[in-house]
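Data file: upload11.cif. Format and content: mmCIF, C-alpha atoms and all ligand atoms; chains and numbers go by the auth columns.
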```
data_model
#
loop_
_atom_site.group_PDB
_atom_site.id
_atom_site.type_symbol
_atom_site.label_atom_id
_atom_site.label_comp_id
_atom_site.label_asym_id
_atom_site.label_seq_id
_atom_site.Cartn_x
_atom_site.Cartn_y
_atom_site.Cartn_z
_atom_site.B_iso_or_equiv
_atom_site.auth_seq_id
_atom_site.auth_asym_id
ATOM 1 C CA MET A 1 -0.985 -14.585 -17.513 0.00 1 A
ATOM 2 C CA GLN A 2 2.336 -15.985 -16.304 0.00 2 A
ATOM 3 C CA ILE A 3 2.560 -16.632 -12.580 0.00 3 A
ATOM 4 C CA GLN A 4 5.862 -16.573 -10.709 0.00 4 A
ATOM 5 C CA ASN A 5 6.184 -19.029 -7.840 0.00 5 A
ATOM 6 C CA ALA A 6 5.982 -17.770 -4.259 0.00 6 A
ATOM 7 C CA MET A 7 9.669 -18.038 -3.336 0.00 7 A
ATOM 8 C CA ASP A 8 10.857 -16.301 -6.514 0.00 8 A
ATOM 9 C CA ALA A 9 8.235 -13.590 -6.032 0.00 9 A
ATOM 10 C CA ILE A 10 9.374 -12.981 -2.434 0.00 10 A
ATOM 11 C CA LEU A 11 13.027 -12.717 -3.484 0.00 11 A
ATOM 12 C CA ASP A 12 12.412 -10.641 -6.639 0.00 12 A
ATOM 13 C CA ARG A 13 9.890 -8.154 -5.205 0.00 13 A
ATOM 14 C CA ARG A 14 11.285 -4.643 -4.782 0.00 14 A
ATOM 15 C CA SER A 15 9.623 -1.374 -3.875 0.00 15 A
ATOM 16 C CA VAL A 16 8.788 0.240 -7.208 0.00 16 A
ATOM 17 C CA ARG A 17 8.906 4.027 -7.431 0.00 17 A
ATOM 18 C CA GLN A 18 8.679 4.395 -11.212 0.00 18 A
ATOM 19 C CA TYR A 19 5.662 3.127 -13.112 0.00 19 A
ATOM 20 C CA LYS A 20 4.581 2.960 -16.734 0.00 20 A
ATOM 21 C CA PRO A 21 1.151 4.443 -17.413 0.00 21 A
ATOM 22 C CA ASP A 22 -0.039 1.032 -18.708 0.00 22 A
ATOM 23 C CA PRO A 23 -3.342 -0.112 -17.234 0.00 23 A
ATOM 24 C CA ILE A 24 -3.490 -3.075 -14.882 0.00 24 A
ATOM 25 C CA SER A 25 -5.318 -5.987 -16.527 0.00 25 A
ATOM 26 C CA GLU A 26 -8.473 -7.353 -14.962 0.00 26 A
ATOM 27 C CA GLU A 27 -6.687 -10.690 -14.357 0.00 27 A
ATOM 28 C CA GLN A 28 -3.802 -9.000 -12.549 0.00 28 A
ATOM 29 C CA TYR A 29 -6.211 -6.914 -10.494 0.00 29 A
ATOM 30 C CA GLU A 30 -8.237 -9.969 -9.516 0.00 30 A
ATOM 31 C CA ALA A 31 -5.078 -11.815 -8.407 0.00 31 A
ATOM 32 C CA VAL A 32 -3.978 -8.953 -6.142 0.00 32 A
ATOM 33 C CA MET A 33 -7.453 -8.567 -4.678 0.00 33 A
ATOM 34 C CA GLN A 34 -7.690 -12.318 -4.030 0.00 34 A
ATOM 35 C CA ALA A 35 -4.440 -11.998 -2.097 0.00 35 A
ATOM 36 C CA PHE A 36 -6.073 -9.142 -0.178 0.00 36 A
ATOM 37 C CA ASP A 37 -9.189 -11.185 0.539 0.00 37 A
ATOM 38 C CA TRP A 38 -7.352 -14.343 1.623 0.00 38 A
ATOM 39 C CA ALA A 39 -4.780 -12.724 3.907 0.00 39 A
ATOM 40 C CA PRO A 40 -4.897 -14.128 7.441 0.00 40 A
ATOM 41 C CA THR A 41 -6.210 -11.886 10.228 0.00 41 A
ATOM 42 C CA ALA A 42 -6.147 -12.151 14.011 0.00 42 A
ATOM 43 C CA ARG A 43 -9.164 -14.059 15.324 0.00 43 A
ATOM 44 C CA ASN A 44 -10.243 -14.295 11.686 0.00 44 A
ATOM 45 C CA GLU A 45 -11.812 -10.854 12.096 0.00 45 A
ATOM 46 C CA GLN A 46 -11.294 -9.997 8.384 0.00 46 A
ATOM 47 C CA GLU A 47 -11.494 -6.405 9.537 0.00 47 A
ATOM 48 C CA ILE A 48 -9.270 -4.793 6.899 0.00 48 A
ATOM 49 C CA ARG A 49 -11.087 -2.910 4.131 0.00 49 A
ATOM 50 C CA ALA A 50 -9.550 -1.902 0.815 0.00 50 A
ATOM 51 C CA ILE A 51 -10.397 1.393 -0.854 0.00 51 A
ATOM 52 C CA VAL A 52 -9.246 1.077 -4.451 0.00 52 A
ATOM 53 C CA VAL A 53 -8.597 4.333 -6.294 0.00 53 A
ATOM 54 C CA ARG A 54 -8.088 4.124 -10.054 0.00 54 A
ATOM 55 C CA ASP A 55 -8.841 7.811 -10.694 0.00 55 A
ATOM 56 C CA GLY A 56 -5.472 9.428 -11.474 0.00 56 A
ATOM 57 C CA GLU A 57 -6.800 12.982 -11.228 0.00 57 A
ATOM 58 C CA LEU A 58 -8.199 12.294 -7.777 0.00 58 A
ATOM 59 C CA LEU A 59 -4.860 10.846 -6.632 0.00 59 A
ATOM 60 C CA GLN A 60 -3.041 13.872 -8.016 0.00 60 A
ATOM 61 C CA ALA A 61 -5.336 16.271 -6.166 0.00 61 A
ATOM 62 C CA PHE A 62 -4.914 14.288 -2.945 0.00 62 A
ATOM 63 C CA ALA A 63 -1.109 14.204 -3.402 0.00 63 A
ATOM 64 C CA LYS A 64 -1.079 17.985 -3.787 0.00 64 A
ATOM 65 C CA ASP A 65 -2.936 18.488 -0.489 0.00 65 A
ATOM 66 C CA PHE A 66 -0.708 15.893 1.196 0.00 66 A
ATOM 67 C CA GLU A 67 2.456 17.708 0.076 0.00 67 A
ATOM 68 C CA ALA A 68 1.037 21.090 1.146 0.00 68 A
ATOM 69 C CA TYR A 69 0.212 19.605 4.565 0.00 69 A
ATOM 70 C CA GLY A 70 3.799 18.358 4.889 0.00 70 A
ATOM 71 C CA ALA A 71 5.191 21.793 4.011 0.00 71 A
ATOM 72 C CA LYS A 72 2.932 23.410 6.614 0.00 72 A
ATOM 73 C CA GLU A 73 4.111 20.936 9.253 0.00 73 A
ATOM 74 C CA GLY A 74 7.770 21.475 8.322 0.00 74 A
ATOM 75 C CA ARG A 75 8.084 17.968 6.867 0.00 75 A
ATOM 76 C CA VAL A 76 9.046 16.834 3.396 0.00 76 A
ATOM 77 C CA PHE A 77 6.133 14.770 2.115 0.00 77 A
ATOM 78 C CA LYS A 78 6.934 13.851 -1.440 0.00 78 A
ATOM 79 C CA ASN A 79 4.511 12.403 -3.942 0.00 79 A
ATOM 80 C CA PHE A 80 3.423 9.207 -2.249 0.00 80 A
ATOM 81 C CA TYR A 81 2.200 7.036 -5.122 0.00 81 A
ATOM 82 C CA PHE A 82 4.741 7.842 -7.834 0.00 82 A
ATOM 83 C CA SER A 83 2.045 8.136 -10.523 0.00 83 A
ATOM 84 C CA ALA A 84 1.075 4.468 -10.220 0.00 84 A
ATOM 85 C CA PRO A 85 -2.225 3.810 -12.038 0.00 85 A
ATOM 86 C CA MET A 86 -3.815 2.384 -8.900 0.00 86 A
ATOM 87 C CA PHE A 87 -3.568 3.092 -5.190 0.00 87 A
ATOM 88 C CA ILE A 88 -5.241 1.010 -2.509 0.00 88 A
ATOM 89 C CA PHE A 89 -5.838 2.377 0.975 0.00 89 A
ATOM 90 C CA LEU A 90 -6.025 -0.296 3.663 0.00 90 A
ATOM 91 C CA VAL A 91 -8.171 0.795 6.595 0.00 91 A
ATOM 92 C CA GLY A 92 -9.485 -0.957 9.674 0.00 92 A
ATOM 93 C CA PRO A 93 -11.132 -0.429 13.056 0.00 93 A
ATOM 94 C CA ARG A 94 -9.306 1.840 15.493 0.00 94 A
ATOM 95 C CA ASP A 95 -10.399 -0.215 18.486 0.00 95 A
ATOM 96 C CA PHE A 96 -9.068 -3.628 17.375 0.00 96 A
ATOM 97 C CA PRO A 97 -5.559 -4.306 18.718 0.00 97 A
ATOM 98 C CA PHE A 98 -4.397 -6.231 15.626 0.00 98 A
ATOM 99 C CA THR A 99 -5.572 -3.839 12.903 0.00 99 A
ATOM 100 C CA ALA A 100 -2.087 -2.569 12.052 0.00 100 A
ATOM 101 C CA ILE A 101 -0.501 -6.029 12.057 0.00 101 A
ATOM 102 C CA ASP A 102 -3.278 -7.527 9.950 0.00 102 A
ATOM 103 C CA ALA A 103 -3.000 -4.666 7.482 0.00 103 A
ATOM 104 C CA GLY A 104 0.767 -5.189 7.203 0.00 104 A
ATOM 105 C CA ILE A 105 0.310 -8.875 6.501 0.00 105 A
ATOM 106 C CA THR A 106 -2.412 -8.065 3.963 0.00 106 A
ATOM 107 C CA ALA A 107 -0.238 -5.491 2.221 0.00 107 A
ATOM 108 C CA GLU A 108 2.635 -7.952 1.855 0.00 108 A
ATOM 109 C CA ASN A 109 0.267 -10.648 0.542 0.00 109 A
ATOM 110 C CA MET A 110 -0.805 -8.120 -2.100 0.00 110 A
ATOM 111 C CA ALA A 111 2.771 -7.104 -2.912 0.00 111 A
ATOM 112 C CA ILE A 112 3.834 -10.722 -3.441 0.00 112 A
ATOM 113 C CA ALA A 113 0.766 -11.462 -5.551 0.00 113 A
ATOM 114 C CA ALA A 114 1.486 -8.319 -7.610 0.00 114 A
ATOM 115 C CA GLN A 115 5.063 -9.468 -8.182 0.00 115 A
ATOM 116 C CA SER A 116 3.921 -12.968 -9.131 0.00 116 A
ATOM 117 C CA VAL A 117 1.621 -11.626 -11.892 0.00 117 A
ATOM 118 C CA GLY A 118 4.164 -9.180 -13.318 0.00 118 A
ATOM 119 C CA LEU A 119 3.178 -6.011 -11.475 0.00 119 A
ATOM 120 C CA GLY A 120 5.261 -3.738 -9.288 0.00 120 A
ATOM 121 C CA SER A 121 4.090 -2.373 -5.962 0.00 121 A
ATOM 122 C CA LEU A 122 5.019 0.015 -3.177 0.00 122 A
ATOM 123 C CA ILE A 123 3.760 -0.228 0.383 0.00 123 A
ATOM 124 C CA ILE A 124 3.150 3.280 1.704 0.00 124 A
ATOM 125 C CA GLY A 125 2.999 4.328 5.339 0.00 125 A
ATOM 126 C CA CYS A 126 3.853 8.020 5.028 0.00 126 A
ATOM 127 C CA LEU A 127 0.205 9.084 4.664 0.00 127 A
ATOM 128 C CA ARG A 128 -0.530 8.128 8.251 0.00 128 A
ATOM 129 C CA LEU A 129 0.081 11.477 9.907 0.00 129 A
ATOM 130 C CA TYR A 130 -2.014 13.359 7.372 0.00 130 A
ATOM 131 C CA LEU A 131 -4.858 10.853 7.347 0.00 131 A
ATOM 132 C CA GLN A 132 -5.193 10.976 11.110 0.00 132 A
ATOM 133 C CA ASP A 133 -5.134 14.783 11.220 0.00 133 A
ATOM 134 C CA GLU A 134 -8.255 16.933 11.134 0.00 134 A
ATOM 135 C CA ALA A 135 -6.736 18.583 8.044 0.00 135 A
ATOM 136 C CA SER A 136 -7.643 15.534 5.935 0.00 136 A
ATOM 137 C CA ALA A 137 -11.273 15.237 7.120 0.00 137 A
ATOM 138 C CA GLU A 138 -12.723 16.066 3.695 0.00 138 A
ATOM 139 C CA TRP A 139 -10.468 13.529 1.973 0.00 139 A
ATOM 140 C CA ARG A 140 -11.364 10.809 4.473 0.00 140 A
ATOM 141 C CA LYS A 141 -15.005 11.494 3.720 0.00 141 A
ATOM 142 C CA ARG A 142 -14.324 11.419 -0.036 0.00 142 A
ATOM 143 C CA PHE A 143 -12.551 8.040 0.280 0.00 143 A
ATOM 144 C CA GLY A 144 -15.175 6.652 2.645 0.00 144 A
ATOM 145 C CA ILE A 145 -12.853 6.197 5.638 0.00 145 A
ATOM 146 C CA ARG A 146 -15.196 6.161 8.620 0.00 146 A
ATOM 147 C CA ASP A 147 -14.502 7.946 11.908 0.00 147 A
ATOM 148 C CA ASP A 148 -14.166 4.613 13.736 0.00 148 A
ATOM 149 C CA GLU A 149 -11.531 3.483 11.212 0.00 149 A
ATOM 150 C CA MET A 150 -7.871 4.327 10.796 0.00 150 A
ATOM 151 C CA PHE A 151 -5.659 4.359 7.758 0.00 151 A
ATOM 152 C CA THR A 152 -2.908 1.740 8.141 0.00 152 A
ATOM 153 C CA VAL A 153 -0.848 1.471 4.950 0.00 153 A
ATOM 154 C CA GLY A 154 -1.517 1.839 1.265 0.00 154 A
ATOM 155 C CA VAL A 155 -0.331 -0.172 -1.727 0.00 155 A
ATOM 156 C CA ALA A 156 0.581 1.467 -5.046 0.00 156 A
ATOM 157 C CA LEU A 157 0.296 -0.886 -8.012 0.00 157 A
ATOM 158 C CA GLY A 158 1.390 -0.731 -11.627 0.00 158 A
ATOM 159 C CA THR A 159 3.751 -1.922 -14.310 0.00 159 A
ATOM 160 C CA PRO A 160 7.346 -1.117 -13.344 0.00 160 A
ATOM 161 C CA THR A 161 9.561 0.793 -15.770 0.00 161 A
ATOM 162 C CA ASN A 162 12.605 -1.083 -16.982 0.00 162 A
ATOM 163 C CA HIS A 163 14.854 0.671 -14.480 0.00 163 A
ATOM 164 C CA ASP A 164 16.361 -1.684 -11.932 0.00 164 A
ATOM 165 C CA GLN A 165 14.986 -0.942 -8.481 0.00 165 A
ATOM 166 C CA PRO A 166 17.627 -0.651 -5.766 0.00 166 A
ATOM 167 C CA LYS A 167 18.043 -3.906 -3.875 0.00 167 A
ATOM 168 C CA PRO A 168 18.885 -3.003 -0.267 0.00 168 A
ATOM 169 C CA LYS A 169 21.562 -5.175 1.357 0.00 169 A
ATOM 170 C CA ARG A 170 20.277 -7.434 4.123 0.00 170 A
ATOM 171 C CA LYS A 171 21.514 -6.623 7.630 0.00 171 A
ATOM 172 C CA PRO A 172 23.353 -9.531 9.242 0.00 172 A
ATOM 173 C CA GLY A 173 22.744 -10.868 12.751 0.00 173 A
ATOM 174 C CA LYS A 174 18.952 -10.760 12.718 0.00 174 A
ATOM 175 C CA ILE A 175 18.458 -14.468 13.334 0.00 175 A
ATOM 176 C CA THR A 176 18.950 -16.144 16.692 0.00 176 A
ATOM 177 C CA VAL A 177 18.743 -19.910 16.739 0.00 177 A
ATOM 178 C CA ILE A 178 18.293 -21.696 20.061 0.00 178 A
ATOM 179 C CA GLU A 179 18.854 -25.458 19.999 0.00 179 A
HETATM 180 C C1 LIG B . 5.063 -0.485 6.561 0.00 1 H
HETATM 181 C C2 LIG B . 5.863 0.092 5.401 0.00 1 H
HETATM 182 C C3 LIG B . 5.739 1.438 5.109 0.00 1 H
HETATM 183 C C4 LIG B . 6.443 1.984 4.022 0.00 1 H
HETATM 184 N N1 LIG B . 6.250 3.297 3.708 0.00 1 H
HETATM 185 C C5 LIG B . 6.896 3.819 2.644 0.00 1 H
HETATM 186 C C6 LIG B . 6.677 5.186 2.284 0.00 1 H
HETATM 187 O O1 LIG B . 5.886 5.884 2.899 0.00 1 H
HETATM 188 N N2 LIG B . 7.352 5.662 1.207 0.00 1 H
HETATM 189 C C7 LIG B . 8.199 4.890 0.466 0.00 1 H
HETATM 190 O O2 LIG B . 8.763 5.389 -0.510 0.00 1 H
HETATM 191 N N3 LIG B . 8.444 3.577 0.804 0.00 1 H
HETATM 192 C C8 LIG B . 7.799 3.043 1.863 0.00 1 H
HETATM 193 N N4 LIG B . 7.998 1.730 2.198 0.00 1 H
HETATM 194 C C9 LIG B . 8.921 0.908 1.392 0.00 1 H
HETATM 195 C C10 LIG B . 10.262 0.679 2.114 0.00 1 H
HETATM 196 O O3 LIG B . 11.022 1.858 2.068 0.00 1 H
HETATM 197 C C11 LIG B . 10.982 -0.498 1.417 0.00 1 H
HETATM 198 O O4 LIG B . 10.241 -1.673 1.629 0.00 1 H
HETATM 199 C C12 LIG B . 12.406 -0.681 1.943 0.00 1 H
HETATM 200 O O5 LIG B . 13.209 0.410 1.579 0.00 1 H
HETATM 201 C C13 LIG B . 13.063 -1.962 1.400 0.00 1 H
HETATM 202 O O6 LIG B . 13.083 -1.972 -0.030 0.00 1 H
HETATM 203 P P1 LIG B . 12.420 -3.178 -0.825 0.00 1 H
HETATM 204 O O7 LIG B . 10.919 -3.125 -0.545 0.00 1 H
HETATM 205 O O8 LIG B . 12.724 -2.921 -2.276 0.00 1 H
HETATM 206 O O9 LIG B . 13.026 -4.445 -0.334 0.00 1 H
HETATM 207 C C14 LIG B . 7.313 1.160 3.250 0.00 1 H
HETATM 208 C C15 LIG B . 7.433 -0.192 3.568 0.00 1 H
HETATM 209 C C16 LIG B . 6.716 -0.731 4.619 0.00 1 H
HETATM 210 C C17 LIG B . 6.846 -2.212 4.909 0.00 1 H
#
```
Produce structure tokens that represent the structure in this file.
Amino acid sequence: MQIQNAMDAILDRRSVRQYKPDPISEEQYEAVMQAFDWAPTARNEQEIRAIVVRDGELLQAFAKDFEAYGAKEGRVFKNFYFSAPMFIFLVGPRDFPFTAIDAGITAENMAIAAQSVGLGSLIIGCLRLYLQDEASAEWRKRFGIRDDEMFTVGVALGTPTNHDQPKPKRKPGKITVIE
């Protein structure tokens, strides 16, 4: 397995919304999950849990309910995982003030690791409303998300198609230097 260095992986990573159906190799999977496991967390709580779903039919059924929920709420919730062969829900305790930040850091660690081992990824936040609504209670149970936990973000993983992903321009003026 070829490994891209950290700086190249950071600069080359793009959000991937088109995946090949190819399976993720065990080596690639292990690399991404090591990046999950070794992400830093506030107070070293290590409170973020990963729920890894590799069952495409299950993801499809969940996506259908998610879209129907969006339509009912007057929102456009499109397919969230873009038929990626794997989707990982990151969940953590509701009552810890750093859960969301830790999950964000963890997700980016995973996205960079994915890039470095030749995978594409997409960080997904749009499931939040649905997964905190009573309407998704059965799904939360099915995925093993406990009542004292909240969904934070998810990470879709897979082999990107050969299409170039759009590379958003960087906004200027975001850095203030005080000397
Ligand atoms: C916290 C977070 C939540 C996101 N949620 C979604 C989402 O729900 N759907 C989606 O298509 N992209 C989502 N994205 C991807 C962003 O749209 C993407 O990172 C941004 O457009 C910049 O593109 P790039 O990742 O290729 O640099 C999310 C990214 C982050 C960091």
Determine, for each residue of chain A having at least one atom at most 12 Å from an atom of ligand LIG 1 (chain H), the closest pair of atoms and their separation in Å to one decimal, counting all atoms listed in the file; order by chain and ascending number, as CSV.
```
residue,atom,partner,partner_atom,distance
A:Ala9,CA,H:LIG1,O9,11.8
A:Ile10,CA,H:LIG1,O9,9.5
A:Leu11,CA,H:LIG1,O9,8.9
A:Asp12,CA,H:LIG1,O9,8.9
A:Arg13,CA,H:LIG1,O8,6.6
A:Arg14,CA,H:LIG1,O8,3.4
A:Ser15,CA,H:LIG1,O8,3.8
A:Val16,CA,H:LIG1,O8,7.1
A:Arg17,CA,H:LIG1,O2,7.1
A:Gln18,CA,H:LIG1,O2,10.7
A:Val76,CA,H:LIG1,O1,11.4
A:Phe77,CA,H:LIG1,O1,8.9
A:Lys78,CA,H:LIG1,N2,8.6
A:Asn79,CA,H:LIG1,O2,8.9
A:Phe80,CA,H:LIG1,N2,6.3
A:Tyr81,CA,H:LIG1,O2,8.2
A:Phe82,CA,H:LIG1,O2,8.7
A:Leu90,CA,H:LIG1,C1,11.5
A:Ala100,CA,H:LIG1,C1,9.3
A:Ile101,CA,H:LIG1,C1,9.6
A:Asp102,CA,H:LIG1,C1,11.4
A:Ala103,CA,H:LIG1,C1,9.1
A:Gly104,CA,H:LIG1,C1,6.4
A:Ile105,CA,H:LIG1,C17,9.5
A:Thr106,CA,H:LIG1,C1,11.0
A:Ala107,CA,H:LIG1,C17,8.3
A:Glu108,CA,H:LIG1,C17,7.7
A:Asn109,CA,H:LIG1,C17,11.6
A:Met110,CA,H:LIG1,C17,11.9
A:Ala111,CA,H:LIG1,O7,9.4
A:Ile112,CA,H:LIG1,O7,10.8
A:Gln115,CA,H:LIG1,O7,11.5
A:Gly120,CA,H:LIG1,O8,10.3
A:Ser121,CA,H:LIG1,O7,8.7
A:Leu122,CA,H:LIG1,C9,6.1
A:Ile123,CA,H:LIG1,C14,4.8
A:Ile124,CA,H:LIG1,N1,3.7
A:Gly125,CA,H:LIG1,N1,3.8
A:Cys126,CA,H:LIG1,O1,3.6
A:Leu127,CA,H:LIG1,O1,6.8
A:Arg128,CA,H:LIG1,O1,8.7
A:Leu129,CA,H:LIG1,O1,10.7
A:Tyr130,CA,H:LIG1,O1,11.8
A:Phe151,CA,H:LIG1,C1,11.8
A:Thr152,CA,H:LIG1,C1,8.4
A:Val153,CA,H:LIG1,C1,6.4
A:Gly154,CA,H:LIG1,C3,8.2
A:Val155,CA,H:LIG1,C4,9.1
A:Ala156,CA,H:LIG1,C7,10.0
A:Asp164,CA,H:LIG1,O8,10.4
A:Gln165,CA,H:LIG1,O8,6.9
A:Pro166,CA,H:LIG1,O8,6.4
A:Lys167,CA,H:LIG1,O8,5.6
A:Pro168,CA,H:LIG1,O6,5.9
A:Lys169,CA,H:LIG1,O9,8.7
A:Arg170,CA,H:LIG1,O9,9.0
A:Lys171,CA,H:LIG1,C13,11.5
```
Find the spatial neighbours of segment 55-61 of chain A, counting all atoms listed in the file, within a cut-off of 12 Å - ignore same-chain residues fewer than 5 positions away - and output them as a VMD selection string. chain A and resid 21 23 66 to 68 78 to 89 139 142 to 143 156
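Taking atom CA of Ile48 of chain A and atom CA of Val91 of chain A as the two end points, the separation is 5.7 Å.
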Could you give me the centre and size, in Å to one decimal, of an axis-aligned box around all listed atoms of segment 135-140 of chain A with 8 Å added on every side, as JSON?
```
{"center_x": -9.7, "center_y": 14.7, "center_z": 5.0, "size_x": 22.0, "size_y": 23.8, "size_z": 22.1}
```
Which residue gives the smallest distance to Gly70 of chain A among A:Ala135, A:Ala50, A:Ala39, A:Met33, with all atoms listed in the file counted?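 Of A:Ala135, A:Ala50, A:Ala39, A:Met33, the one nearest Gly70 of chain A, counting all atoms listed in the file, is A:Ala135.
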Just how far from atom CA of Ser25 of chain A is atom CA of Leu119 of chain A, in Å to one decimal?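 A separation of 9.9 Å between them.
Taking atom CA of Glu26 of chain A and atom CA of Asn162 of chain A as the two end points, the separation is 22.1 Å.
For the choices A:Gly74, A:Gly92, A:Gly118, A:Pro160, the atom-to-atom distance to Glu27 of chain A is smallest for A:Gly118 when using only C-alpha atoms.
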Which residues, named as in the file, does the PyMOL selection byres (((chain A and resi 96) around 10) and not hetatm) pick out? Answer as a PyMOL selection string. chain A and resi 42+45+47+92-95+97-100+149
For the selection just defined, write its residues with C-alpha atoms to a file, as a compact mmCIF listing (two decimals), in the coordinates of the input.
```
# COMPACT_ATOMS: atom_id res chain seq x y z
CA ALA A 42 -6.15 -12.15 14.01
CA GLU A 45 -11.81 -10.85 12.10
CA GLU A 47 -11.49 -6.40 9.54
CA GLY A 92 -9.48 -0.96 9.67
CA PRO A 93 -11.13 -0.43 13.06
CA ARG A 94 -9.31 1.84 15.49
CA ASP A 95 -10.40 -0.22 18.49
CA PRO A 97 -5.56 -4.31 18.72
CA PHE A 98 -4.40 -6.23 15.63
CA THR A 99 -5.57 -3.84 12.90
CA ALA A 100 -2.09 -2.57 12.05
CA GLU A 149 -11.53 3.48 11.21
```
